[in-house]
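Peer 1: My questions will all concern the structure given below.
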Amino acid sequence: MLASFTYVAAAESKPVELECFLIKVEALEVEEQIAAKFHEENPNVTINFVATPDAETALFARIAANDIPDIMNTYPAETVYQKMMDDGLFVDLTGNAMFDNVPDSVLKMSAYKGKQYALPLAMSSYGVFYNKDIFAKHNLTPSTDYQGFLDLCQKLKDAGEQPLEFYDKSAGGVGQMAERLTGILNNDSNALFQRVAKGETDLTKEPEIRTLGETLLKIREFGQKDQLGTDLDQVVADFISGRTAMFVGGTWNVATILKANKDLNFAMFPFPNPMGTGESLPVNIDTSYSVYTGAKDVDAAVAFVAFHARPEIAQMYADVEGSPNVIKGVTYHIEQLMPINDTIMKGAMFLTPVNFWPAGMRSSWEQYLQQLFIDKDVDAFVKATQDMVLEFYNA
Amino acid sequence: MIRKAGREREITYLCFVLPTLALYVLFFIEPVIMGCYYSLTNWSGISSSPKFIGFQNYIKLATDKVFLSALKFNGVYSLLLVVIIVVLSLVLALCLNAEIRGRSFFRGAMFFPAVLSMLTVGMVFNEIFTYALPNLGALLGIEALQTNVLSNVNTAMYGVLFVNVWQGLAIPTILLLAGLQTIPQEMFEAAELDGAGKMKQFFSITLPFLLPVLSVVLILTLKDGLTVFDYIKALTEGGPAGRTKSLTFNIYNLGFKELKFSYAIAQAMVVTAIVVVISYFQIRVVDRKKVY
């Protein structure tokens, strides 16, 4: 079924080859299928994909060298990409009919200064993956409150199971976990940090970062040995093999888990808020597309982006990539993420804080987090975070 | 007539040099000049109109704890790397220069690590440190082996150093082996007739003749130590808790993760200056002692 809106027609006069840079490299195969369908309708337009490891770094390097792809994955809510929008890198797509197929709540998240520079396609979320068979074996159910979660971990430990595993060797994973949990503790951590930067308060006087440090240490008591020596691949492998009952991670891990064992009986629940208030489901715009203002054929590039907003095309993407899809008319069928998808659709979520923090702050935080896991000194961690916030917010 | 021929020869020489000179200017001099300029701006890597801020990036370096910590790491790391590589490669070169059975095989085998990319070697050893050794430790019941070397703040740097030495030995050994083969054998025969022992021969003949090669090895190894990146990226990502964050890894993070390109370039300029200054003094010292 075609959507009721019309698409920008691609130029038909002469053949054009456009380059599409994927940060979501796992979507390459399905994107090539989508591009083939687009080519059937627009024979003069050929889309060539670039999908490299460490793709976002490669994209930044190309932007710095002024070698910018025609179409690219972006994260429109993140400050880094918003700087690019300010610098006129992306075509203003506001008013294009493709947005008729995106819910307003999502468009609100992807908008910048009231304009749309990207088509959001899928969302990601973050929570606790759990093995349903192990839970059933011990008559356990996921907990929605923090103390209940700790009790659950203790029961699993007492039953001889490995309750949780952590991947603290992956510095990026450590930063991401702390950033997502900061958002759970305070849905508007950016406002808190702005007050800190202005000297109106101090993180040592506010409960969030201390609670974060204590929570990160507490849950690690239920983790495996040598957490700083373990990476995400190992943890996911252990989860698939049943060596750990749970791990904390993002919805993007689902594709890997299902690829390794499509019969694994698992699901995901939101990480309970240790302070007990606010929404506890952090989300981010996981897949979106923007068009470079200097693209070889802007109309054709916009048409290809708009093509993704057709329900049947978005369905193709969702069926393979697996993240909760936001295009109206898409039937989401990843059973393991249904509760998360339903929560997103209800709007009971918050946009994860990295979108508001200054660029690079989370990356800079990683070494202080690893230090916390080594010396378990929460006071030093709060002080280091305070200094970091002052540096980045006053830069 | 002679003057005309000389000028024609100069023009011919110039024609030979020009393409190389043009490439050198394009790919080396121009980026250095551009780098100098960008280090004096607030360029984020995205903005097309960076603002000139003078020496602010360089002034900031003096109080940047992460930079100073990375500088210290590189200092210690480079010192250890230079000492280990020079000593081991010299020992290996002497062994491979001796009349031993299977010498050709050993010469070929020891060069093998040099043909692999540093990132590949780093990733292979990451698997060994992360999975193979802990599993072997568990199997054999050896507690010390069950922890990843790279997860311990006291051992992580040595894990990286081990991998660097494993791969970095090959080229210096080959260079020193080639140097050993240029020493005239008559010198050793004359020394033996004069009653000089093996140690005396080594310090009075071998070492002075090897000094030019040793100088190259020292500079190359020092440069490797001061610019170590691939192993850090593949093995530790600067962790645990920043203990293996090298200058180049910090520059990479500043540029590509934090989008502080101009500040990253300022750090790169400082690293370049350090390598140039140390190399200059090293060459001068070695030049005074070498045998022609």
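Every chain in the structure tokens takes a letter, A first, then B, and so on in the order presented; its residues are numbered from 1, and the ligands are numbered from 1 following the presented order.
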Using only C-alpha atoms, what does the table of chain A residues within 10 Å of chain B look like, with each row giving the shortest atom pair and its distance in Å to one decimal, sorted by chain and ascending number, as a tab-separated table?

Peer 2:
```
residue	atom	partner	partner_atom	distance
A:Glu56	CA	B:Phe256	CA	8.6
A:Thr57	CA	B:Phe256	CA	5.7
A:Ala58	CA	B:Phe256	CA	8.5
A:Leu59	CA	B:Phe256	CA	9.3
A:Phe60	CA	B:Phe256	CA	6.4
A:Ala61	CA	B:Phe256	CA	7.1
A:Arg62	CA	B:Gly45	CA	9.6
A:Ile63	CA	B:Ile46	CA	6.4
A:Ala64	CA	B:Gly45	CA	4.7
A:Ala65	CA	B:Gly45	CA	8.2
A:Asn66	CA	B:Ile46	CA	8.6
A:Val80	CA	B:Leu259	CA	8.0
A:Tyr81	CA	B:Ile46	CA	9.5
A:Lys83	CA	B:Ile46	CA	7.7
A:Met84	CA	B:Ile46	CA	6.5
A:Asp86	CA	B:Ser47	CA	9.0
A:Asp87	CA	B:Ser47	CA	6.2
A:Gly88	CA	B:Ser47	CA	9.4
A:Leu89	CA	B:Ile46	CA	8.9
A:Asp168	CA	B:Pro240	CA	8.7
A:Lys169	CA	B:Ser151	CA	7.0
A:Ser170	CA	B:Glu237	CA	7.8
A:Ala171	CA	B:Glu237	CA	7.0
A:Gly172	CA	B:Glu237	CA	9.1
A:Lys225	CA	B:Thr147	CA	8.2
A:Asp226	CA	B:Thr147	CA	6.0
A:Gln227	CA	B:Ser151	CA	8.1
A:Leu228	CA	B:Ser151	CA	5.0
A:Gly229	CA	B:Ser151	CA	4.5
A:Thr230	CA	B:Thr130	CA	6.9
A:Asp231	CA	B:Thr130	CA	8.3
A:Gln234	CA	B:Tyr131	CA	8.6
A:Pro358	CA	B:Glu258	CA	8.7
A:Ala359	CA	B:Glu258	CA	5.5
A:Gly360	CA	B:Glu258	CA	3.7
A:Met361	CA	B:Glu258	CA	7.3
A:Arg362	CA	B:Glu258	CA	9.0
A:Ser363	CA	B:Lys257	CA	6.9
A:Ser364	CA	B:Glu258	CA	8.1
A:Trp365	CA	B:Ala241	CA	9.7
A:Glu366	CA	B:Ala241	CA	7.3
A:Gln367	CA	B:Ala241	CA	4.1
A:Tyr368	CA	B:Ala241	CA	6.2
A:Leu369	CA	B:Ala241	CA	7.3
A:Gln370	CA	B:Ala241	CA	4.7
A:Gln371	CA	B:Ala241	CA	4.9
A:Leu372	CA	B:Ala241	CA	8.5
A:Phe373	CA	B:Ala241	CA	8.9
A:Ile374	CA	B:Ala241	CA	8.2
```

Peer 1: Would you put the residues from that selection into a file with C-alpha atoms, as a PDB file, in the first residue's frame?

Peer 2:
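What follows is the written file selection15.pdb:
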```pdb
ATOM      1  CA  GLU A  56      30.727   7.543  12.874  1.00  0.00           C
ATOM      2  CA  THR A  57      34.429   8.334  13.288  1.00  0.00           C
ATOM      3  CA  ALA A  58      34.912   7.789   9.549  1.00  0.00           C
ATOM      4  CA  LEU A  59      31.984  10.098   8.836  1.00  0.00           C
ATOM      5  CA  PHE A  60      33.423  12.860  11.049  1.00  0.00           C
ATOM      6  CA  ALA A  61      36.802  12.465   9.324  1.00  0.00           C
ATOM      7  CA  ARG A  62      35.160  12.858   5.935  1.00  0.00           C
ATOM      8  CA  ILE A  63      33.198  15.896   7.065  1.00  0.00           C
ATOM      9  CA  ALA A  64      36.415  17.441   8.442  1.00  0.00           C
ATOM     10  CA  ALA A  65      38.055  16.815   5.056  1.00  0.00           C
ATOM     11  CA  ASN A  66      35.031  18.326   3.271  1.00  0.00           C
ATOM     12  CA  VAL A  80      27.227  17.186  17.419  1.00  0.00           C
ATOM     13  CA  TYR A  81      24.768  16.849  14.547  1.00  0.00           C
ATOM     14  CA  LYS A  83      26.240  21.879  15.178  1.00  0.00           C
ATOM     15  CA  MET A  84      26.330  20.504  11.638  1.00  0.00           C
ATOM     16  CA  ASP A  86      23.804  25.173  12.288  1.00  0.00           C
ATOM     17  CA  ASP A  87      26.663  25.065   9.810  1.00  0.00           C
ATOM     18  CA  GLY A  88      24.254  24.379   6.931  1.00  0.00           C
ATOM     19  CA  LEU A  89      25.424  20.843   6.170  1.00  0.00           C
ATOM     20  CA  ASP A 168      33.672  -2.683  31.589  1.00  0.00           C
ATOM     21  CA  LYS A 169      36.591  -3.212  29.204  1.00  0.00           C
ATOM     22  CA  SER A 170      34.477  -1.498  26.534  1.00  0.00           C
ATOM     23  CA  ALA A 171      34.997   2.127  27.561  1.00  0.00           C
ATOM     24  CA  GLY A 172      32.175   3.266  25.275  1.00  0.00           C
ATOM     25  CA  LYS A 225      34.914 -11.758  38.010  1.00  0.00           C
ATOM     26  CA  ASP A 226      37.272  -9.507  36.049  1.00  0.00           C
ATOM     27  CA  GLN A 227      34.599  -7.118  34.765  1.00  0.00           C
ATOM     28  CA  LEU A 228      37.239  -4.680  33.503  1.00  0.00           C
ATOM     29  CA  GLY A 229      38.704  -7.492  31.430  1.00  0.00           C
ATOM     30  CA  THR A 230      35.426  -8.415  29.739  1.00  0.00           C
ATOM     31  CA  ASP A 231      34.039  -6.828  26.578  1.00  0.00           C
ATOM     32  CA  GLN A 234      31.848 -11.859  25.586  1.00  0.00           C
ATOM     33  CA  PRO A 358      28.182  18.866  25.258  1.00  0.00           C
ATOM     34  CA  ALA A 359      29.899  16.805  22.557  1.00  0.00           C
ATOM     35  CA  GLY A 360      32.544  14.501  23.976  1.00  0.00           C
ATOM     36  CA  MET A 361      31.564  14.785  27.646  1.00  0.00           C
ATOM     37  CA  ARG A 362      30.408  11.177  27.863  1.00  0.00           C
ATOM     38  CA  SER A 363      33.594   9.978  26.205  1.00  0.00           C
ATOM     39  CA  SER A 364      35.663  12.003  28.654  1.00  0.00           C
ATOM     40  CA  TRP A 365      33.695  10.523  31.577  1.00  0.00           C
ATOM     41  CA  GLU A 366      34.644   6.928  30.727  1.00  0.00           C
ATOM     42  CA  GLN A 367      37.994   6.925  32.475  1.00  0.00           C
ATOM     43  CA  TYR A 368      36.496   8.277  35.729  1.00  0.00           C
ATOM     44  CA  LEU A 369      33.866   5.543  35.609  1.00  0.00           C
ATOM     45  CA  GLN A 370      36.490   2.833  35.163  1.00  0.00           C
ATOM     46  CA  GLN A 371      38.422   4.436  38.031  1.00  0.00           C
ATOM     47  CA  LEU A 372      35.280   4.162  40.193  1.00  0.00           C
ATOM     48  CA  PHE A 373      35.093   0.439  39.445  1.00  0.00           C
ATOM     49  CA  ILE A 374      38.743   0.066  40.465  1.00  0.00           C
TER      50      ILE A 374
END
```

Peer 1: Can you list, as an MDAnalysis selection string, every protein, DNA or RNA residue that comes within 12 Å of range 23-37 of chain B when you count only C-alpha atoms, leaving out same-chain residues fewer than 2 positions away?

Peer 2: (chainID A and resid 65) or (chainID B and resid 17:21 39:43 50:55 57:58 261:270 272:273)

Peer 1: Closest to Ser246 in chain B among B:Cys15, B:Leu210, B:Met157, B:Met187, using only C-alpha atoms?

Peer 2: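 Nearest to Ser246 in chain B: B:Met157.
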
Peer 1: Need the shell around range 90-101 of chain A: protein/DNA/RNA residues with any atom at most 6 Å away, counting only C-alpha atoms. Skip same-chain ones fewer than 2 positions apart. Format as a list in words?

Peer 2: Phe5, Met85, Gly88, Lys115, Gln116, Tyr117, Val291, Tyr292, Thr293, Ala306, Ala309, Ile327 and Lys328 of chain A

Peer 1: Would you mind exporting C-alpha atoms of the selected residues as a compact mmCIF listing (two decimals), in the first residue's frame?

Peer 2:
```txt
# COMPACT_ATOMS: atom_id res chain seq x y z
CA PHE A 5 1.24 11.60 0.48
CA MET A 85 22.76 21.71 11.09
CA GLY A 88 24.25 24.38 6.93
CA LYS A 115 13.00 22.43 11.59
CA GLN A 116 13.43 18.85 10.39
CA TYR A 117 16.84 17.98 8.97
CA VAL A 291 20.76 14.89 2.91
CA TYR A 292 23.90 16.96 2.35
CA THR A 293 23.16 20.43 0.99
CA ALA A 306 11.39 9.91 1.61
CA ALA A 309 8.83 6.61 4.95
CA ILE A 327 6.82 4.84 10.70
CA LYS A 328 3.02 4.70 10.85
```

Peer 1: May I have a table of the residues of range 171-206 of chain B lying at most 9 Å from range 102-116 of chain B, giving each one's closest pair of atoms and their distance in Å to one decimal, counting only C-alpha atoms, ordered by chain and ascending residue number, as a tab-separated table?

Peer 2:
```
residue	atom	partner	partner_atom	distance
B:Ile171	CA	B:Ala114	CA	6.8
B:Thr173	CA	B:Phe111	CA	8.5
B:Ile174	CA	B:Phe111	CA	7.8
```

Peer 1: Go ahead and save the residues from that selection, with C-alpha atoms, as a tab-separated table (two decimals), in the first residue's frame.

Peer 2:
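Final file, out.tsv:
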```
chain	number	residue	atom	x	y	z
B	171	ILE	CA	62.76	-4.60	11.54
B	173	THR	CA	66.89	-7.04	14.01
B	174	ILE	CA	67.09	-7.09	10.22
```

Peer 1: Measuring between only C-alpha atoms, which one of A:Ile240, A:Ile184, A:Ile209, A:Leu337 shows the shortest distance to Ser280 in chain A?

Peer 2: A:Ile184

Peer 1: Excluding Ile283 in chain B and its own-chain neighbours fewer than 5 positions away, which residues fall within 12 Å of it when counting only C-alpha atoms? Please give them as a PyMOL selection string.

Peer 2: chain B and resi 211-220+275-278+288-290

Peer 1: Run DSSP on the backbone and grab whatever in range 204-255 of chain B lands in helix (DSSP H, G or I); send it over as a PyMOL selection string.

Peer 2: chain B and resi 204-226+230-235+247-255

Peer 1: Can you tell me which residues surround range 194-206 of chain A at a distance of at most 6 Å, considering only C-alpha atoms, apart from same-chain residues fewer than 2 positions away, and format the answer as a VMD selection string?

Peer 2: chain A and resid 191 to 192 208 386 390 393

Peer 1: Would you please give, as a list in words, all residues of range 83-208 of chain A that DSSP assigns to strand (DSSP E) based on the backbone?

Peer 2: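 Selection result, strand (DSSP E) within range 83-208 of chain A: Leu119, Pro120, Leu121, Ala122, Met123, Ser124, Ser125, Tyr126, Gly127, Val128, Phe129, Tyr130, Asn131, Leu164 and Glu165 of chain A.
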